[in-house]
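Notes for the one structure printed next.
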Amino acid sequence: MTTAATVPPEVDPAEEFLDRQTPGRRVHALLRRYPALSPALVLVLSVVFFGILNDRFLAPANLSLVVQQVAVVGALAAGQTLIILTAGIDLSVGAVMVLSSMVSAQTATANGVPAAVALLLGLLVGLGAGLVNGLLVTKVKLPPFIVTLGTLNIFVALTLLYSKGATVRGREMPALLTWTGTTFSVGGVRVTVGVLLMLALYAVLAYVLSQTSWGRHVYAVGDDKDAARLAGIAVSRVLLSVYVTAGAVFAVAGWILIGRINAASPNAGADANLDSITAVVIGGTSLFGGRGAIWGSLLGALIVGVFRNGLSLAGFDVLYQTLTVGVLVIVAVSVDQWIRRGRG
């Protein structure tokens, strides 16, 4: 008795062709799945490049300077990331930070309020500022860009009116307010408490965004508000909570700022608004919302800090530093557009 030979199933050449992945498609899929991968690679390459260009770059003292300079912008970028993930933007971040720091400093020195209470008042100011922005976006239905452009000017004016343009020196404040500027050594690198506080912010926000339903709702709202609403997500409530949470983060950044400059100045953080957006964009978070990783923003802040420091050590004019950061932003947005188009 003979058995029939097993005939292999016919393979459709078209399906076989479609299953093939070009190198470009593989890179595209990888970057889409891990948004922080490209800024991590850029950071490593830039550190290696500037380390070769100037042997002073990798010196512990210089690395300490880079990390400390990044602390304030990095903290602001953490809050900015939450807002950009919802397809919004906040131009008032620096103004909120400075207003919070001035309230804490002034109440602790001029009014004799205990330091812990003064910090709490600064936190409440940040929460209030975030609440104002959030209500204007969710209830009045104004575009985030216009809302925060307006509140930027309002908060700057309130800061100057409240402080009368005067700077509060670190020596006049209680030790708790300047505590974030305290330094200690880690492997030869001097690190401040403010840097650790910034890292703690990132750790908390990373956990909340990845492990809680609120975090999933933030991504869903940023990806498609209408689809999120049909899925039963209270879009307005999520957006309002994002702006309030970000306001609290900006207030913490104000505390870090006091320790960084050992003072509370109404003129501090002039470029903080754009620097925070720059860090978020370079860090791989999409300006169109719904895609990005919180740690990418920290990498973006570090990239900007490394480039500014490395070019400075190499003797380049500050204008070239600004030019380089601008190029990085354009490249980052171009990569984001390529990823969103879904082509490899």
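We name chains A, B, ... following the order of the structure tokens; residues begin at 1 in each chain, and ligands are numbered from 1 as shown.
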
List as an mmCIF file with C-alpha atoms, in the first residue's frame the protein and nucleic acid residues near stretch 112-118 of chain A, meaning an atom at most 7 Å away when only C-alpha atoms are counted, but skip any in the same chain fewer than 3 places from it.
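Contents of part26.cif, as written:
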data_model
loop_
_atom_site.group_PDB
_atom_site.id
_atom_site.type_symbol
_atom_site.label_atom_id
_atom_site.label_comp_id
_atom_site.auth_asym_id
_atom_site.auth_seq_id
_atom_site.Cartn_x
_atom_site.Cartn_y
_atom_site.Cartn_z
ATOM 1 C CA SER A 104 8.327 80.667 49.412
ATOM 2 C CA THR A 107 6.993 84.508 53.166
ATOM 3 C CA ALA A 108 9.885 82.820 54.969
ATOM 4 C CA THR A 109 12.008 85.977 55.242
ATOM 5 C CA LEU A 121 2.683 77.916 50.134
ATOM 6 C CA GLY A 122 4.959 77.810 47.091
ATOM 7 C CA PRO A 174 16.064 79.422 56.338
ATOM 8 C CA LEU A 176 15.498 74.317 54.371
ATOM 9 C CA LEU A 177 14.851 76.583 51.387
#

Residues of stretch 215-321 of chain A in helix (DSSP H, G or I) according to DSSP, as JSON, numbers by chain?
{"A": [215, 216, 217, 218, 219, 220, 221, 222, 223, 225, 226, 227, 228, 229, 230, 235, 236, 237, 238, 239, 240, 241, 242, 243, 244, 245, 246, 247, 248, 249, 250, 251, 252, 253, 254, 255, 256, 257, 258, 259, 260, 261, 272, 273, 274, 275, 276, 277, 278, 279, 280, 281, 282, 294, 295, 296, 297, 298, 299, 300, 301, 302, 303, 304, 305, 306, 307, 308, 309, 310, 311, 312, 313, 318, 319, 320, 321]}

Polymer residues at most 10 Å from A:Asn62, only C-alpha atoms, same-chain spacing of 2 or more positions, as number ranges by chain
A: 56-60, 64-68, 189-190, 309-310, 313

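Distance-wise, atom CA of A:Gly305 and atom CA of A:Val325 end up 9.7 Å apart.
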
How close does stretch 131-246 of chain A get to stretch 263-279 of chain A? List, as JSON lines, each residue of stretch 131-246 of chain A within 8 Å, its nearest atom pair and the distance in Å to one decimal, counting only C-alpha atoms.
{"residue": "A:Thr159", "atom": "CA", "partner": "A:Pro266", "partner_atom": "CA", "distance": 6.3}
{"residue": "A:Leu160", "atom": "CA", "partner": "A:Pro266", "partner_atom": "CA", "distance": 6.3}
{"residue": "A:Ser163", "atom": "CA", "partner": "A:Pro266", "partner_atom": "CA", "distance": 7.1}
{"residue": "A:Gly165", "atom": "CA", "partner": "A:Pro266", "partner_atom": "CA", "distance": 6.2}
{"residue": "A:Ala166", "atom": "CA", "partner": "A:Ser265", "partner_atom": "CA", "distance": 7.1}
{"residue": "A:Thr167", "atom": "CA", "partner": "A:Ser265", "partner_atom": "CA", "distance": 4.6}
{"residue": "A:Val168", "atom": "CA", "partner": "A:Ala264", "partner_atom": "CA", "distance": 5.1}
{"residue": "A:Arg169", "atom": "CA", "partner": "A:Ala263", "partner_atom": "CA", "distance": 4.5}
{"residue": "A:Gly170", "atom": "CA", "partner": "A:Ala263", "partner_atom": "CA", "distance": 4.6}
{"residue": "A:Thr178", "atom": "CA", "partner": "A:Ala263", "partner_atom": "CA", "distance": 7.9}

Atom CA of A:Leu43 and atom CA of A:Leu302, how far apart in Å?
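Atom-to-atom, atom CA of A:Leu302 and atom CA of A:Leu43 are spaced 7.3 Å apart.
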
Interatomic distance, atom CA of A:Leu152 to atom CA of A:Gly247 (Å, one decimal):
12.8 Å

So, counting only C-alpha atoms, which residue among A:Leu209, A:Ala253, A:Val329, A:Leu240 is closest to A:Lys139?
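Between A:Leu209, A:Ala253, A:Val329, A:Leu240, the residue approaching A:Lys139 most closely is A:Leu240.
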
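For A:Gly259, the set of protein, DNA and RNA residues having any atom at most 8 Å away, when counting only C-alpha atoms and skipping those fewer than 5 positions along the same chain, is Leu177, Thr178, Trp179, Thr180, Gly181, Thr182 and Gly194 of chain A.
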
How about saving the chosen residues, C-alpha atoms kept, as an mmCIF file, in the first residue's frame?
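Output (part_0.cif):
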data_model
loop_
_atom_site.group_PDB
_atom_site.id
_atom_site.type_symbol
_atom_site.label_atom_id
_atom_site.label_comp_id
_atom_site.auth_asym_id
_atom_site.auth_seq_id
_atom_site.Cartn_x
_atom_site.Cartn_y
_atom_site.Cartn_z
ATOM 1 C CA LEU A 177 14.851 76.583 51.387
ATOM 2 C CA THR A 178 18.468 76.422 50.207
ATOM 3 C CA TRP A 179 18.857 72.740 51.158
ATOM 4 C CA THR A 180 18.486 71.646 47.525
ATOM 5 C CA GLY A 181 21.823 73.319 46.807
ATOM 6 C CA THR A 182 23.676 71.120 49.311
ATOM 7 C CA GLY A 194 18.351 69.251 43.854
#

Go through A:Leu63, A:Val218, A:Ala293, A:Leu149 and flag the residue nearest A:Val242, using only C-alpha atoms for the distances.
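Comparing A:Leu63, A:Val218, A:Ala293, A:Leu149 against A:Val242, the winner is A:Val218.
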
Give me the residues near stretch 90-92 of chain A as an mmCIF file with C-alpha atoms, in the first residue's frame, where near means some atom within 9 Å (using only C-alpha atoms) and where sequence neighbours in that chain fewer than 2 positions away do not count.
data_model
loop_
_atom_site.group_PDB
_atom_site.id
_atom_site.type_symbol
_atom_site.label_atom_id
_atom_site.label_comp_id
_atom_site.auth_asym_id
_atom_site.auth_seq_id
_atom_site.Cartn_x
_atom_site.Cartn_y
_atom_site.Cartn_z
ATOM 1 C CA GLN A 80 6.161 69.806 30.489
ATOM 2 C CA ILE A 83 1.276 68.387 29.121
ATOM 3 C CA ILE A 84 2.848 67.603 25.745
ATOM 4 C CA GLY A 88 -0.812 70.509 24.697
ATOM 5 C CA GLY A 94 9.320 79.178 33.975
ATOM 6 C CA ALA A 95 7.030 81.927 35.237
ATOM 7 C CA VAL A 96 5.191 79.482 37.519
ATOM 8 C CA MET A 97 8.522 78.204 38.845
ATOM 9 C CA ASN A 133 -4.299 76.945 33.007
ATOM 10 C CA PRO A 144 -3.166 75.608 25.370
ATOM 11 C CA PHE A 145 -0.682 77.717 23.419
ATOM 12 C CA ILE A 146 -2.829 80.853 23.732
ATOM 13 C CA VAL A 147 -3.778 80.163 27.352
ATOM 14 C CA THR A 148 -0.227 79.689 28.580
ATOM 15 C CA LEU A 149 1.093 82.560 26.468
ATOM 16 C CA GLY A 150 -1.352 84.799 28.319
ATOM 17 C CA THR A 151 -0.701 83.347 31.774
ATOM 18 C CA LEU A 152 3.048 83.597 31.140
ATOM 19 C CA ASN A 153 2.699 87.383 31.123
ATOM 20 C CA PHE A 155 2.537 85.242 36.264
ATOM 21 C CA VAL A 156 5.603 87.322 35.364
ATOM 22 C CA TYR A 243 -2.132 70.775 34.323
ATOM 23 C CA ASN A 273 10.048 77.901 29.005
ATOM 24 C CA LEU A 274 11.753 77.182 25.681
ATOM 25 C CA ILE A 277 10.131 72.286 25.488
#

Taking the DSSP assignment computed from this structure's backbone, write out as a list in words all residues of stretch 35-188 of chain A that belong to strand (DSSP E or B).
Val168, Arg169, Thr183, Phe184, Ser185 and Val186 of chain A

Please provide as number ranges by chain all residues within 12 Å of A:Gly232, with the sequence filter that same-chain residues fewer than 5 positions apart are discarded (counting only C-alpha atoms).
A: 217, 220-221, 225-227, 237-238

Excluding A:Trp295 and any residue of its chain fewer than 5 positions from it, enumerate the residues within 9 Å of it, using only C-alpha atoms, and give them as number ranges by chain.
A: 36, 78, 202-203, 206, 283, 300
